[in-house]
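Peer 1: Let me begin by handing over the structure; questions about it come next.
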Amino acid sequence: MFLWGTATAAYQIEGAVKDDGRGASIWDTFTHEPGRTRDGHTGDVACDHYHRWPEDVALMADLGVNAYRFSIAWSRVLPLGTGQVEPRGLDFYDRLVDGLLAAGIAPVPTLFHWDLPQALQDLGGWMNRDISYYFAEYAAVVAERLADRVPMWITLNEPFVHMAFGYGMGVHAPGQALLFDALPVAHHQLLGHGLAVQALRAAGARQVLITNNCTPVWPASGSAEDLAAADAYDTLHNRLFNDPILLGEYPDLKAIGALDDVVRDGDLAVISTPLDGLGINYYNPTRIGAPADDALPFTDLGITGYPTTAFGWPVVPDGLRELLTGLHARYGAALPPVYVTENGCSQEDLPGPDGTIDDQGRIAFLDGHITAVEQAAAGVDVRGYFVWSLLDNFEWAEGYHQRFGLVHVDFDTLRRTPKASYAWLRDRLTAAKPQSP
């Protein structure tokens, strides 16, 4: 069965950051530091999904999706990241899973969507190898409670983005600017992934994936310098996180750094524990040219000539087809079934005089990208497509200024209003069932 779904993340929608014994996460800390987020916005309340989840499940049921990708807040289950379990946190996800199943929606939880418990960050965060083992402990705790009813699990969300933005450039939590000295974060996340796969399977998990954010890399020209820069960027963004999982080895990292001091015997065997699928998040291609200075071995030149989202990202639907077919060409038989676990766009989305939100740009975006999936599926085993996002939510460092939702959220009243794209997708899904793309 092809999975048609929507996706969210715990810190972006749940709110209730101090309810029922939840511990602090790095995003709680980060957002309360002056200047870290736009207008000082925090996820303290967000969409209040923690209390309003039945309304949100009802919205998904009306939309007609058959899967929901959400994330579990590590610090809601293990307030200190390890040790004592908070049963009220597990109870929340237990109720959510049962509510989804009762609505005919498959729960697809992600164990880590960037919200590391602050207590573990105080130990060094993902720069500390021990966090990999704490992650596996957490995976086992959650799976012991939910694996009997959850058909599919995702270990990590976008480890590249968490490493690059959180530890490399400091624009996301935990706000460290280590540049390529952050590379151990990549290895420790991947090691944690492999250990978690094993822990999930031991607890009875049926299908396990990881979600990587990937991008087609377009060299700015055919010059040797631009081609070398594009290869370096492709290695950092794509291959660093796919090769160890699918091939059991790291790519040549000489252009970006080294992991010799952190990779131990047996690590790659753990990291490459076979998966049941690969989650791919796609938003746009990346155009790369030769380095402008000595800080980075490449320059992101941006892409012109295409429409852009409110975030300024280029809208290139065919880039998704290019990405999926490119993964198939690169990895061949080593590539498991692929699920597009995030794809969406931000728009202004202001309600009209009658209160409706006519987001025609999002409809065009989704139509183009679903068509790209259909085209790729002719030669690639694609088994799912999840729209980011169900709800307008807390968009990380941008706060509440970027709206990705199929459903508008008034952040003063928390009222939910389905947009035109919601109705369009509902009709699209009705026409698609029971066929896959």
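Following the order of the structure tokens, first chain is A, next is B, and so on, with residues numbered from 1 inside each chain and ligands from 1 in the order they appear.
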I'd like to know which residues of stretch 45-293 of chain A are strand (DSSP E) (by DSSP, run on the backbone); could you write them as a PDB file with all heavy atoms, in the first residue's frame?

Peer 2:
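Full text of part27.pdb as output:
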ATOM      1  N   ALA A  67      -1.473   7.767   6.518  1.00  0.00           N
ATOM      2  CA  ALA A  67      -0.291   7.700   7.365  1.00  0.00           C
ATOM      3  C   ALA A  67      -0.013   9.083   7.940  1.00  0.00           C
ATOM      4  O   ALA A  67      -0.351  10.103   7.327  1.00  0.00           O
ATOM      5  CB  ALA A  67       0.922   7.201   6.584  1.00  0.00           C
ATOM      6  N   TYR A  68       0.602   9.105   9.101  1.00  0.00           N
ATOM      7  CA  TYR A  68       0.971  10.362   9.758  1.00  0.00           C
ATOM      8  C   TYR A  68       2.364  10.211  10.341  1.00  0.00           C
ATOM      9  O   TYR A  68       2.604   9.362  11.200  1.00  0.00           O
ATOM     10  CB  TYR A  68      -0.027  10.694  10.856  1.00  0.00           C
ATOM     11  CG  TYR A  68       0.344  11.891  11.717  1.00  0.00           C
ATOM     12  CD1 TYR A  68       0.780  13.080  11.159  1.00  0.00           C
ATOM     13  CD2 TYR A  68       0.232  11.821  13.105  1.00  0.00           C
ATOM     14  CE1 TYR A  68       1.103  14.179  11.954  1.00  0.00           C
ATOM     15  CE2 TYR A  68       0.545  12.908  13.914  1.00  0.00           C
ATOM     16  CZ  TYR A  68       0.981  14.089  13.333  1.00  0.00           C
ATOM     17  OH  TYR A  68       1.303  15.169  14.119  1.00  0.00           O
ATOM     18  N   ARG A  69       3.267  11.025   9.848  1.00  0.00           N
ATOM     19  CA  ARG A  69       4.623  11.044  10.371  1.00  0.00           C
ATOM     20  C   ARG A  69       4.735  12.163  11.406  1.00  0.00           C
ATOM     21  O   ARG A  69       4.547  13.332  11.090  1.00  0.00           O
ATOM     22  CB  ARG A  69       5.633  11.278   9.234  1.00  0.00           C
ATOM     23  CG  ARG A  69       7.055  11.319   9.742  1.00  0.00           C
ATOM     24  CD  ARG A  69       8.071  11.614   8.650  1.00  0.00           C
ATOM     25  NE  ARG A  69       9.368  11.818   9.287  1.00  0.00           N
ATOM     26  CZ  ARG A  69      10.180  12.846   9.073  1.00  0.00           C
ATOM     27  NH1 ARG A  69       9.833  13.771   8.187  1.00  0.00           N
ATOM     28  NH2 ARG A  69      11.317  12.958   9.713  1.00  0.00           N
ATOM     29  N   PHE A  70       5.001  11.782  12.640  1.00  0.00           N
ATOM     30  CA  PHE A  70       5.175  12.731  13.725  1.00  0.00           C
ATOM     31  C   PHE A  70       6.464  12.367  14.444  1.00  0.00           C
ATOM     32  O   PHE A  70       7.073  11.328  14.176  1.00  0.00           O
ATOM     33  CB  PHE A  70       3.993  12.666  14.698  1.00  0.00           C
ATOM     34  CG  PHE A  70       3.796  11.305  15.326  1.00  0.00           C
ATOM     35  CD1 PHE A  70       4.284  11.029  16.596  1.00  0.00           C
ATOM     36  CD2 PHE A  70       3.110  10.295  14.654  1.00  0.00           C
ATOM     37  CE1 PHE A  70       4.102   9.772  17.179  1.00  0.00           C
ATOM     38  CE2 PHE A  70       2.922   9.036  15.221  1.00  0.00           C
ATOM     39  CZ  PHE A  70       3.432   8.777  16.491  1.00  0.00           C
ATOM     40  N   SER A  71       6.912  13.218  15.351  1.00  0.00           N
ATOM     41  CA  SER A  71       8.094  12.850  16.122  1.00  0.00           C
ATOM     42  C   SER A  71       7.757  12.759  17.596  1.00  0.00           C
ATOM     43  O   SER A  71       6.805  13.381  18.083  1.00  0.00           O
ATOM     44  CB  SER A  71       9.259  13.815  15.886  1.00  0.00           C
ATOM     45  OG  SER A  71       9.115  15.008  16.604  1.00  0.00           O
ATOM     46  N   ALA A 106      -2.010   5.132   9.694  1.00  0.00           N
ATOM     47  CA  ALA A 106      -0.838   4.437  10.219  1.00  0.00           C
ATOM     48  C   ALA A 106       0.090   5.427  10.919  1.00  0.00           C
ATOM     49  O   ALA A 106       0.513   6.421  10.302  1.00  0.00           O
ATOM     50  CB  ALA A 106      -0.091   3.726   9.095  1.00  0.00           C
ATOM     51  N   PRO A 107       0.450   5.203  12.179  1.00  0.00           N
ATOM     52  CA  PRO A 107       1.411   6.074  12.854  1.00  0.00           C
ATOM     53  C   PRO A 107       2.835   5.768  12.403  1.00  0.00           C
ATOM     54  O   PRO A 107       3.250   4.602  12.366  1.00  0.00           O
ATOM     55  CB  PRO A 107       1.208   5.741  14.343  1.00  0.00           C
ATOM     56  CG  PRO A 107       0.639   4.363  14.352  1.00  0.00           C
ATOM     57  CD  PRO A 107      -0.095   4.162  13.060  1.00  0.00           C
ATOM     58  N   VAL A 108       3.583   6.820  12.044  1.00  0.00           N
ATOM     59  CA  VAL A 108       4.969   6.669  11.608  1.00  0.00           C
ATOM     60  C   VAL A 108       5.820   7.613  12.468  1.00  0.00           C
ATOM     61  O   VAL A 108       6.095   8.759  12.076  1.00  0.00           O
ATOM     62  CB  VAL A 108       5.138   6.990  10.107  1.00  0.00           C
ATOM     63  CG1 VAL A 108       6.588   6.751   9.667  1.00  0.00           C
ATOM     64  CG2 VAL A 108       4.183   6.149   9.258  1.00  0.00           C
ATOM     65  N   PRO A 109       6.218   7.175  13.661  1.00  0.00           N
ATOM     66  CA  PRO A 109       6.966   8.072  14.544  1.00  0.00           C
ATOM     67  C   PRO A 109       8.441   8.190  14.180  1.00  0.00           C
ATOM     68  O   PRO A 109       9.075   7.220  13.763  1.00  0.00           O
ATOM     69  CB  PRO A 109       6.798   7.420  15.916  1.00  0.00           C
ATOM     70  CG  PRO A 109       6.578   5.972  15.629  1.00  0.00           C
ATOM     71  CD  PRO A 109       5.871   5.908  14.302  1.00  0.00           C
ATOM     72  N   THR A 110       8.952   9.390  14.326  1.00  0.00           N
ATOM     73  CA  THR A 110      10.381   9.665  14.224  1.00  0.00           C
ATOM     74  C   THR A 110      10.909   9.849  15.640  1.00  0.00           C
ATOM     75  O   THR A 110      10.339  10.615  16.424  1.00  0.00           O
ATOM     76  CB  THR A 110      10.633  10.946  13.410  1.00  0.00           C
ATOM     77  OG1 THR A 110      10.106  10.768  12.092  1.00  0.00           O
ATOM     78  CG2 THR A 110      12.123  11.254  13.321  1.00  0.00           C
ATOM     79  N   LEU A 111      11.994   9.167  15.977  1.00  0.00           N
ATOM     80  CA  LEU A 111      12.494   9.216  17.348  1.00  0.00           C
ATOM     81  C   LEU A 111      13.280  10.484  17.651  1.00  0.00           C
ATOM     82  O   LEU A 111      13.278  10.942  18.800  1.00  0.00           O
ATOM     83  CB  LEU A 111      13.368   7.989  17.621  1.00  0.00           C
ATOM     84  CG  LEU A 111      12.621   6.663  17.729  1.00  0.00           C
ATOM     85  CD1 LEU A 111      13.602   5.504  17.813  1.00  0.00           C
ATOM     86  CD2 LEU A 111      11.701   6.656  18.950  1.00  0.00           C
ATOM     87  N   PHE A 112      13.959  11.043  16.662  1.00  0.00           N
ATOM     88  CA  PHE A 112      14.741  12.250  16.924  1.00  0.00           C
ATOM     89  C   PHE A 112      14.566  13.251  15.801  1.00  0.00           C
ATOM     90  O   PHE A 112      15.018  13.034  14.681  1.00  0.00           O
ATOM     91  CB  PHE A 112      16.228  11.925  17.088  1.00  0.00           C
ATOM     92  CG  PHE A 112      17.077  13.141  17.378  1.00  0.00           C
ATOM     93  CD1 PHE A 112      16.973  13.800  18.586  1.00  0.00           C
ATOM     94  CD2 PHE A 112      17.949  13.634  16.425  1.00  0.00           C
ATOM     95  CE1 PHE A 112      17.735  14.939  18.852  1.00  0.00           C
ATOM     96  CE2 PHE A 112      18.719  14.766  16.668  1.00  0.00           C
ATOM     97  CZ  PHE A 112      18.608  15.418  17.888  1.00  0.00           C
ATOM     98  N   TRP A 153       8.888   2.805  11.740  1.00  0.00           N
ATOM     99  CA  TRP A 153       9.630   3.715  12.601  1.00  0.00           C
ATOM    100  C   TRP A 153      10.686   4.449  11.786  1.00  0.00           C
ATOM    101  O   TRP A 153      11.251   3.893  10.846  1.00  0.00           O
ATOM    102  CB  TRP A 153      10.340   2.943  13.710  1.00  0.00           C
ATOM    103  CG  TRP A 153       9.423   2.230  14.665  1.00  0.00           C
ATOM    104  CD1 TRP A 153       8.795   1.036  14.458  1.00  0.00           C
ATOM    105  CD2 TRP A 153       9.041   2.672  15.961  1.00  0.00           C
ATOM    106  NE1 TRP A 153       8.042   0.702  15.550  1.00  0.00           N
ATOM    107  CE2 TRP A 153       8.178   1.688  16.491  1.00  0.00           C
ATOM    108  CE3 TRP A 153       9.352   3.792  16.734  1.00  0.00           C
ATOM    109  CZ2 TRP A 153       7.612   1.801  17.769  1.00  0.00           C
ATOM    110  CZ3 TRP A 153       8.794   3.908  17.999  1.00  0.00           C
ATOM    111  CH2 TRP A 153       7.931   2.921  18.497  1.00  0.00           C
ATOM    112  N   ILE A 154      10.974   5.674  12.181  1.00  0.00           N
ATOM    113  CA  ILE A 154      12.087   6.437  11.630  1.00  0.00           C
ATOM    114  C   ILE A 154      13.007   6.805  12.787  1.00  0.00           C
ATOM    115  O   ILE A 154      12.536   7.307  13.812  1.00  0.00           O
ATOM    116  CB  ILE A 154      11.595   7.697  10.897  1.00  0.00           C
ATOM    117  CG1 ILE A 154      10.723   7.299   9.699  1.00  0.00           C
ATOM    118  CG2 ILE A 154      12.768   8.562  10.443  1.00  0.00           C
ATOM    119  CD1 ILE A 154      10.037   8.467   9.019  1.00  0.00           C
ATOM    120  N   THR A 155      14.288   6.551  12.638  1.00  0.00           N
ATOM    121  CA  THR A 155      15.223   6.823  13.728  1.00  0.00           C
ATOM    122  C   THR A 155      15.532   8.319  13.828  1.00  0.00           C
ATOM    123  O   THR A 155      15.176   8.975  14.808  1.00  0.00           O
ATOM    124  CB  THR A 155      16.525   6.037  13.532  1.00  0.00           C
ATOM    125  OG1 THR A 155      17.071   6.338  12.226  1.00  0.00           O
ATOM    126  CG2 THR A 155      16.276   4.539  13.646  1.00  0.00           C
ATOM    127  N   LEU A 156      16.194   8.872  12.815  1.00  0.00           N
ATOM    128  CA  LEU A 156      16.642  10.267  12.834  1.00  0.00           C
ATOM    129  C   LEU A 156      15.991  11.048  11.713  1.00  0.00           C
ATOM    130  O   LEU A 156      15.738  10.510  10.628  1.00  0.00           O
ATOM    131  CB  LEU A 156      18.159  10.354  12.631  1.00  0.00           C
ATOM    132  CG  LEU A 156      19.084   9.598  13.569  1.00  0.00           C
ATOM    133  CD1 LEU A 156      20.522   9.756  13.097  1.00  0.00           C
ATOM    134  CD2 LEU A 156      18.941  10.077  15.006  1.00  0.00           C
ATOM    135  N   ASN A 157      15.764  12.320  11.956  1.00  0.00           N
ATOM    136  CA  ASN A 157      15.350  13.232  10.901  1.00  0.00           C
ATOM    137  C   ASN A 157      16.508  14.139  10.514  1.00  0.00           C
ATOM    138  O   ASN A 157      17.074  14.847  11.356  1.00  0.00           O
ATOM    139  CB  ASN A 157      14.184  14.114  11.358  1.00  0.00           C
ATOM    140  CG  ASN A 157      13.798  15.130  10.292  1.00  0.00           C
ATOM    141  OD1 ASN A 157      13.155  14.786   9.302  1.00  0.00           O
ATOM    142  ND2 ASN A 157      14.216  16.386  10.477  1.00  0.00           N
ATOM    143  N   VAL A 208      11.864  -0.300   9.790  1.00  0.00           N
ATOM    144  CA  VAL A 208      12.669   0.790  10.331  1.00  0.00           C
ATOM    145  C   VAL A 208      13.338   1.541   9.180  1.00  0.00           C
ATOM    146  O   VAL A 208      13.903   0.927   8.264  1.00  0.00           O
ATOM    147  CB  VAL A 208      13.733   0.283  11.316  1.00  0.00           C
ATOM    148  CG1 VAL A 208      14.479   1.462  11.942  1.00  0.00           C
ATOM    149  CG2 VAL A 208      13.111  -0.592  12.399  1.00  0.00           C
ATOM    150  N   LEU A 209      13.299   2.884   9.245  1.00  0.00           N
ATOM    151  CA  LEU A 209      13.896   3.758   8.246  1.00  0.00           C
ATOM    152  C   LEU A 209      14.751   4.813   8.945  1.00  0.00           C
ATOM    153  O   LEU A 209      14.696   4.960  10.163  1.00  0.00           O
ATOM    154  CB  LEU A 209      12.824   4.501   7.437  1.00  0.00           C
ATOM    155  CG  LEU A 209      11.961   3.777   6.406  1.00  0.00           C
ATOM    156  CD1 LEU A 209      11.006   2.791   7.042  1.00  0.00           C
ATOM    157  CD2 LEU A 209      11.153   4.801   5.603  1.00  0.00           C
ATOM    158  N   ILE A 210      15.491   5.554   8.173  1.00  0.00           N
ATOM    159  CA  ILE A 210      16.069   6.826   8.560  1.00  0.00           C
ATOM    160  C   ILE A 210      15.586   7.841   7.541  1.00  0.00           C
ATOM    161  O   ILE A 210      15.270   7.474   6.398  1.00  0.00           O
ATOM    162  CB  ILE A 210      17.611   6.783   8.597  1.00  0.00           C
ATOM    163  CG1 ILE A 210      18.195   8.070   9.207  1.00  0.00           C
ATOM    164  CG2 ILE A 210      18.190   6.534   7.207  1.00  0.00           C
ATOM    165  CD1 ILE A 210      19.700   8.016   9.426  1.00  0.00           C
ATOM    166  N   THR A 211      15.475   9.099   7.937  1.00  0.00           N
ATOM    167  CA  THR A 211      15.113  10.152   6.988  1.00  0.00           C
ATOM    168  C   THR A 211      16.299  11.074   6.784  1.00  0.00           C
ATOM    169  O   THR A 211      16.768  11.717   7.731  1.00  0.00           O
ATOM    170  CB  THR A 211      13.894  10.948   7.482  1.00  0.00           C
ATOM    171  OG1 THR A 211      12.702  10.213   7.204  1.00  0.00           O
ATOM    172  CG2 THR A 211      13.796  12.293   6.783  1.00  0.00           C
ATOM    173  N   ASN A 212      16.782  11.146   5.552  1.00  0.00           N
ATOM    174  CA  ASN A 212      17.860  12.054   5.180  1.00  0.00           C
ATOM    175  C   ASN A 212      17.316  13.168   4.292  1.00  0.00           C
ATOM    176  O   ASN A 212      16.499  12.922   3.404  1.00  0.00           O
ATOM    177  CB  ASN A 212      18.978  11.312   4.441  1.00  0.00           C
ATOM    178  CG  ASN A 212      19.889  10.557   5.388  1.00  0.00           C
ATOM    179  OD1 ASN A 212      20.052  10.939   6.546  1.00  0.00           O
ATOM    180  ND2 ASN A 212      20.492   9.482   4.910  1.00  0.00           N
ATOM    181  N   ASN A 213      17.781  14.376   4.556  1.00  0.00           N
ATOM    182  CA  ASN A 213      17.500  15.490   3.664  1.00  0.00           C
ATOM    183  C   ASN A 213      18.516  15.444   2.527  1.00  0.00           C
ATOM    184  O   ASN A 213      19.719  15.474   2.774  1.00  0.00           O
ATOM    185  CB  ASN A 213      17.624  16.810   4.439  1.00  0.00           C
ATOM    186  CG  ASN A 213      17.649  18.015   3.528  1.00  0.00           C
ATOM    187  OD1 ASN A 213      18.697  18.377   3.014  1.00  0.00           O
ATOM    188  ND2 ASN A 213      16.511  18.648   3.342  1.00  0.00           N
ATOM    189  N   VAL A 217      22.715  18.292  -6.620  1.00  0.00           N
ATOM    190  CA  VAL A 217      23.757  19.315  -6.615  1.00  0.00           C
ATOM    191  C   VAL A 217      24.079  19.678  -8.055  1.00  0.00           C
ATOM    192  O   VAL A 217      24.505  18.824  -8.835  1.00  0.00           O
ATOM    193  CB  VAL A 217      25.007  18.822  -5.868  1.00  0.00           C
ATOM    194  CG1 VAL A 217      26.098  19.895  -5.892  1.00  0.00           C
ATOM    195  CG2 VAL A 217      24.657  18.458  -4.429  1.00  0.00           C
ATOM    196  N   TRP A 218      23.893  20.953  -8.378  1.00  0.00           N
ATOM    197  CA  TRP A 218      24.123  21.445  -9.733  1.00  0.00           C
ATOM    198  C   TRP A 218      25.424  22.256  -9.761  1.00  0.00           C
ATOM    199  O   TRP A 218      25.501  23.325  -9.134  1.00  0.00           O
ATOM    200  CB  TRP A 218      22.980  22.343 -10.182  1.00  0.00           C
ATOM    201  CG  TRP A 218      21.642  21.672 -10.315  1.00  0.00           C
ATOM    202  CD1 TRP A 218      21.360  20.347 -10.186  1.00  0.00           C
ATOM    203  CD2 TRP A 218      20.405  22.323 -10.620  1.00  0.00           C
ATOM    204  NE1 TRP A 218      20.020  20.114 -10.381  1.00  0.00           N
ATOM    205  CE2 TRP A 218      19.408  21.307 -10.648  1.00  0.00           C
ATOM    206  CE3 TRP A 218      20.031  23.635 -10.863  1.00  0.00           C
ATOM    207  CZ2 TRP A 218      18.062  21.597 -10.915  1.00  0.00           C
ATOM    208  CZ3 TRP A 218      18.702  23.922 -11.130  1.00  0.00           C
ATOM    209  CH2 TRP A 218      17.729  22.909 -11.162  1.00  0.00           C
ATOM    210  N   PRO A 219      26.454  21.800 -10.458  1.00  0.00           N
ATOM    211  CA  PRO A 219      27.658  22.624 -10.604  1.00  0.00           C
ATOM    212  C   PRO A 219      27.328  23.919 -11.335  1.00  0.00           C
ATOM    213  O   PRO A 219      26.521  23.925 -12.280  1.00  0.00           O
ATOM    214  CB  PRO A 219      28.605  21.757 -11.425  1.00  0.00           C
ATOM    215  CG  PRO A 219      28.044  20.367 -11.348  1.00  0.00           C
ATOM    216  CD  PRO A 219      26.572  20.515 -11.169  1.00  0.00           C
ATOM    217  N   GLY A 277      13.581   0.713   4.471  1.00  0.00           N
ATOM    218  CA  GLY A 277      13.290   1.810   3.570  1.00  0.00           C
ATOM    219  C   GLY A 277      14.198   2.983   3.882  1.00  0.00           C
ATOM    220  O   GLY A 277      14.846   3.029   4.933  1.00  0.00           O
ATOM    221  N   LEU A 278      14.247   3.916   2.965  1.00  0.00           N
ATOM    222  CA  LEU A 278      15.008   5.143   3.146  1.00  0.00           C
ATOM    223  C   LEU A 278      14.057   6.319   2.994  1.00  0.00           C
ATOM    224  O   LEU A 278      13.392   6.468   1.966  1.00  0.00           O
ATOM    225  CB  LEU A 278      16.123   5.254   2.103  1.00  0.00           C
ATOM    226  CG  LEU A 278      16.966   6.536   2.130  1.00  0.00           C
ATOM    227  CD1 LEU A 278      17.762   6.629   3.426  1.00  0.00           C
ATOM    228  CD2 LEU A 278      17.894   6.604   0.920  1.00  0.00           C
ATOM    229  N   GLY A 279      13.965   7.139   4.041  1.00  0.00           N
ATOM    230  CA  GLY A 279      13.172   8.357   3.958  1.00  0.00           C
ATOM    231  C   GLY A 279      13.984   9.467   3.326  1.00  0.00           C
ATOM    232  O   GLY A 279      15.157   9.654   3.660  1.00  0.00           O
ATOM    233  N   ILE A 280      13.360  10.199   2.412  1.00  0.00           N
ATOM    234  CA  ILE A 280      14.026  11.298   1.723  1.00  0.00           C
ATOM    235  C   ILE A 280      13.174  12.558   1.876  1.00  0.00           C
ATOM    236  O   ILE A 280      11.987  12.565   1.528  1.00  0.00           O
ATOM    237  CB  ILE A 280      14.225  10.993   0.222  1.00  0.00           C
ATOM    238  CG1 ILE A 280      15.228   9.849   0.039  1.00  0.00           C
ATOM    239  CG2 ILE A 280      14.683  12.231  -0.532  1.00  0.00           C
ATOM    240  CD1 ILE A 280      16.646  10.178   0.481  1.00  0.00           C
ATOM    241  N   ASN A 281      13.778  13.607   2.406  1.00  0.00           N
ATOM    242  CA  ASN A 281      13.135  14.918   2.435  1.00  0.00           C
ATOM    243  C   ASN A 281      13.711  15.763   1.305  1.00  0.00           C
ATOM    244  O   ASN A 281      14.930  15.857   1.156  1.00  0.00           O
ATOM    245  CB  ASN A 281      13.391  15.627   3.765  1.00  0.00           C
ATOM    246  CG  ASN A 281      12.690  14.952   4.926  1.00  0.00           C
ATOM    247  OD1 ASN A 281      11.919  14.021   4.748  1.00  0.00           O
ATOM    248  ND2 ASN A 281      12.962  15.426   6.133  1.00  0.00           N
ATOM    249  N   THR A 286      20.524  22.418  -5.172  1.00  0.00           N
ATOM    250  CA  THR A 286      21.527  23.369  -4.688  1.00  0.00           C
ATOM    251  C   THR A 286      22.545  23.604  -5.804  1.00  0.00           C
ATOM    252  O   THR A 286      23.080  22.654  -6.362  1.00  0.00           O
ATOM    253  CB  THR A 286      22.246  22.827  -3.441  1.00  0.00           C
ATOM    254  OG1 THR A 286      21.270  22.432  -2.466  1.00  0.00           O
ATOM    255  CG2 THR A 286      23.150  23.881  -2.841  1.00  0.00           C
ATOM    256  N   ARG A 287      22.796  24.885  -6.115  1.00  0.00           N
ATOM    257  CA  ARG A 287      23.753  25.241  -7.159  1.00  0.00           C
ATOM    258  C   ARG A 287      25.063  25.661  -6.496  1.00  0.00           C
ATOM    259  O   ARG A 287      25.091  26.562  -5.671  1.00  0.00           O
ATOM    260  CB  ARG A 287      23.198  26.376  -8.022  1.00  0.00           C
ATOM    261  CG  ARG A 287      24.111  26.833  -9.151  1.00  0.00           C
ATOM    262  CD  ARG A 287      23.350  27.778 -10.080  1.00  0.00           C
ATOM    263  NE  ARG A 287      24.243  28.457 -11.010  1.00  0.00           N
ATOM    264  CZ  ARG A 287      24.719  29.685 -10.823  1.00  0.00           C
ATOM    265  NH1 ARG A 287      24.374  30.384  -9.740  1.00  0.00           N
ATOM    266  NH2 ARG A 287      25.525  30.243 -11.714  1.00  0.00           N
ATOM    267  N   ILE A 288      26.131  24.962  -6.866  1.00  0.00           N
ATOM    268  CA  ILE A 288      27.413  25.107  -6.168  1.00  0.00           C
ATOM    269  C   ILE A 288      28.503  25.560  -7.121  1.00  0.00           C
ATOM    270  O   ILE A 288      28.624  25.056  -8.248  1.00  0.00           O
ATOM    271  CB  ILE A 288      27.808  23.773  -5.505  1.00  0.00           C
ATOM    272  CG1 ILE A 288      26.808  23.410  -4.407  1.00  0.00           C
ATOM    273  CG2 ILE A 288      29.224  23.830  -4.957  1.00  0.00           C
ATOM    274  CD1 ILE A 288      26.794  24.354  -3.228  1.00  0.00           C
ATOM    275  N   GLY A 289      29.312  26.511  -6.630  1.00  0.00           N
ATOM    276  CA  GLY A 289      30.469  26.969  -7.387  1.00  0.00           C
ATOM    277  C   GLY A 289      31.737  26.868  -6.565  1.00  0.00           C
ATOM    278  O   GLY A 289      31.733  26.448  -5.402  1.00  0.00           O
TER     279      GLY A 289
END

Peer 1: Return the single residue from A:Arg206, A:Arg95, A:Arg36, A:His49 that is closest to A:Met152, with distances computed using only C-alpha atoms.

Peer 2: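 Checking each of A:Arg206, A:Arg95, A:Arg36, A:His49 against A:Met152, counting only C-alpha atoms, the winner is A:Arg206.
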
Peer 1: Among stretch 237-402 of chain A, which residues carry a DSSP assignment of helix (DSSP H, G or I), reported as a VMD selection string?

Peer 2: chain A and resid 237 to 247 267 to 271 318 to 334 360 to 376 396 to 398

Peer 1: Have a look at A:Gly175, A:Leu123, A:Asp265, A:Ile271 and name the one nearest to A:His193; count only C-alpha atoms.

Peer 2: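 Checking each candidate against A:His193, we get A:Ile271 as the closest.
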
Peer 1: Please report the interatomic distance between atom CA of A:Phe411 and atom CA of A:Gly352 in Å with one decimal.

Peer 2: 16.8 Å

Peer 1: List the spatial neighbours of A:Ser75 as a VMD selection string - criterion: any atom at most 9 Å away, only C-alpha atoms, same-chain residues fewer than 4 positions off excluded.

Peer 2: chain A and resid 21 to 25 79 to 81 86 89 115 to 118

Peer 1: Which residues are close to stretch 296-309 of chain A, i.e. within 7 Å by only C-alpha atoms, leaving aside same-chain residues fewer than 5 positions away? Reply as a list in words.

Peer 2: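 Listed by chain and then number, they are Ala229, Ala230, Ala232, Tyr233, Ala255, Thr286, Arg287, Ile288, Gly289, Ala290, Pro291, Pro314, Val315, Val316, Cys345, Ser346 and Gln347 of chain A.
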
Peer 1: Provide the atom CA of A:Leu366 to atom CA of A:Ile72 distance in Å, to one decimal place.

Peer 2: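 Here the two named atoms are 26.3 Å from each other.
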
Peer 1: Could you give me, as a list in words, the residues within 7 Å of A:Leu146, counting only C-alpha atoms and dropping anything in the same chain fewer than 4 positions from it?

Peer 2: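 Once the adjacent positions are removed, what remains is Asp94, Val142 and Val150 of chain A.
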
Peer 1: Could you check how far atom CA of A:His188 sits from atom CA of A:Asn128, in Å to one decimal?

Peer 2: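 Between these atoms lies a distance of 7.4 Å.
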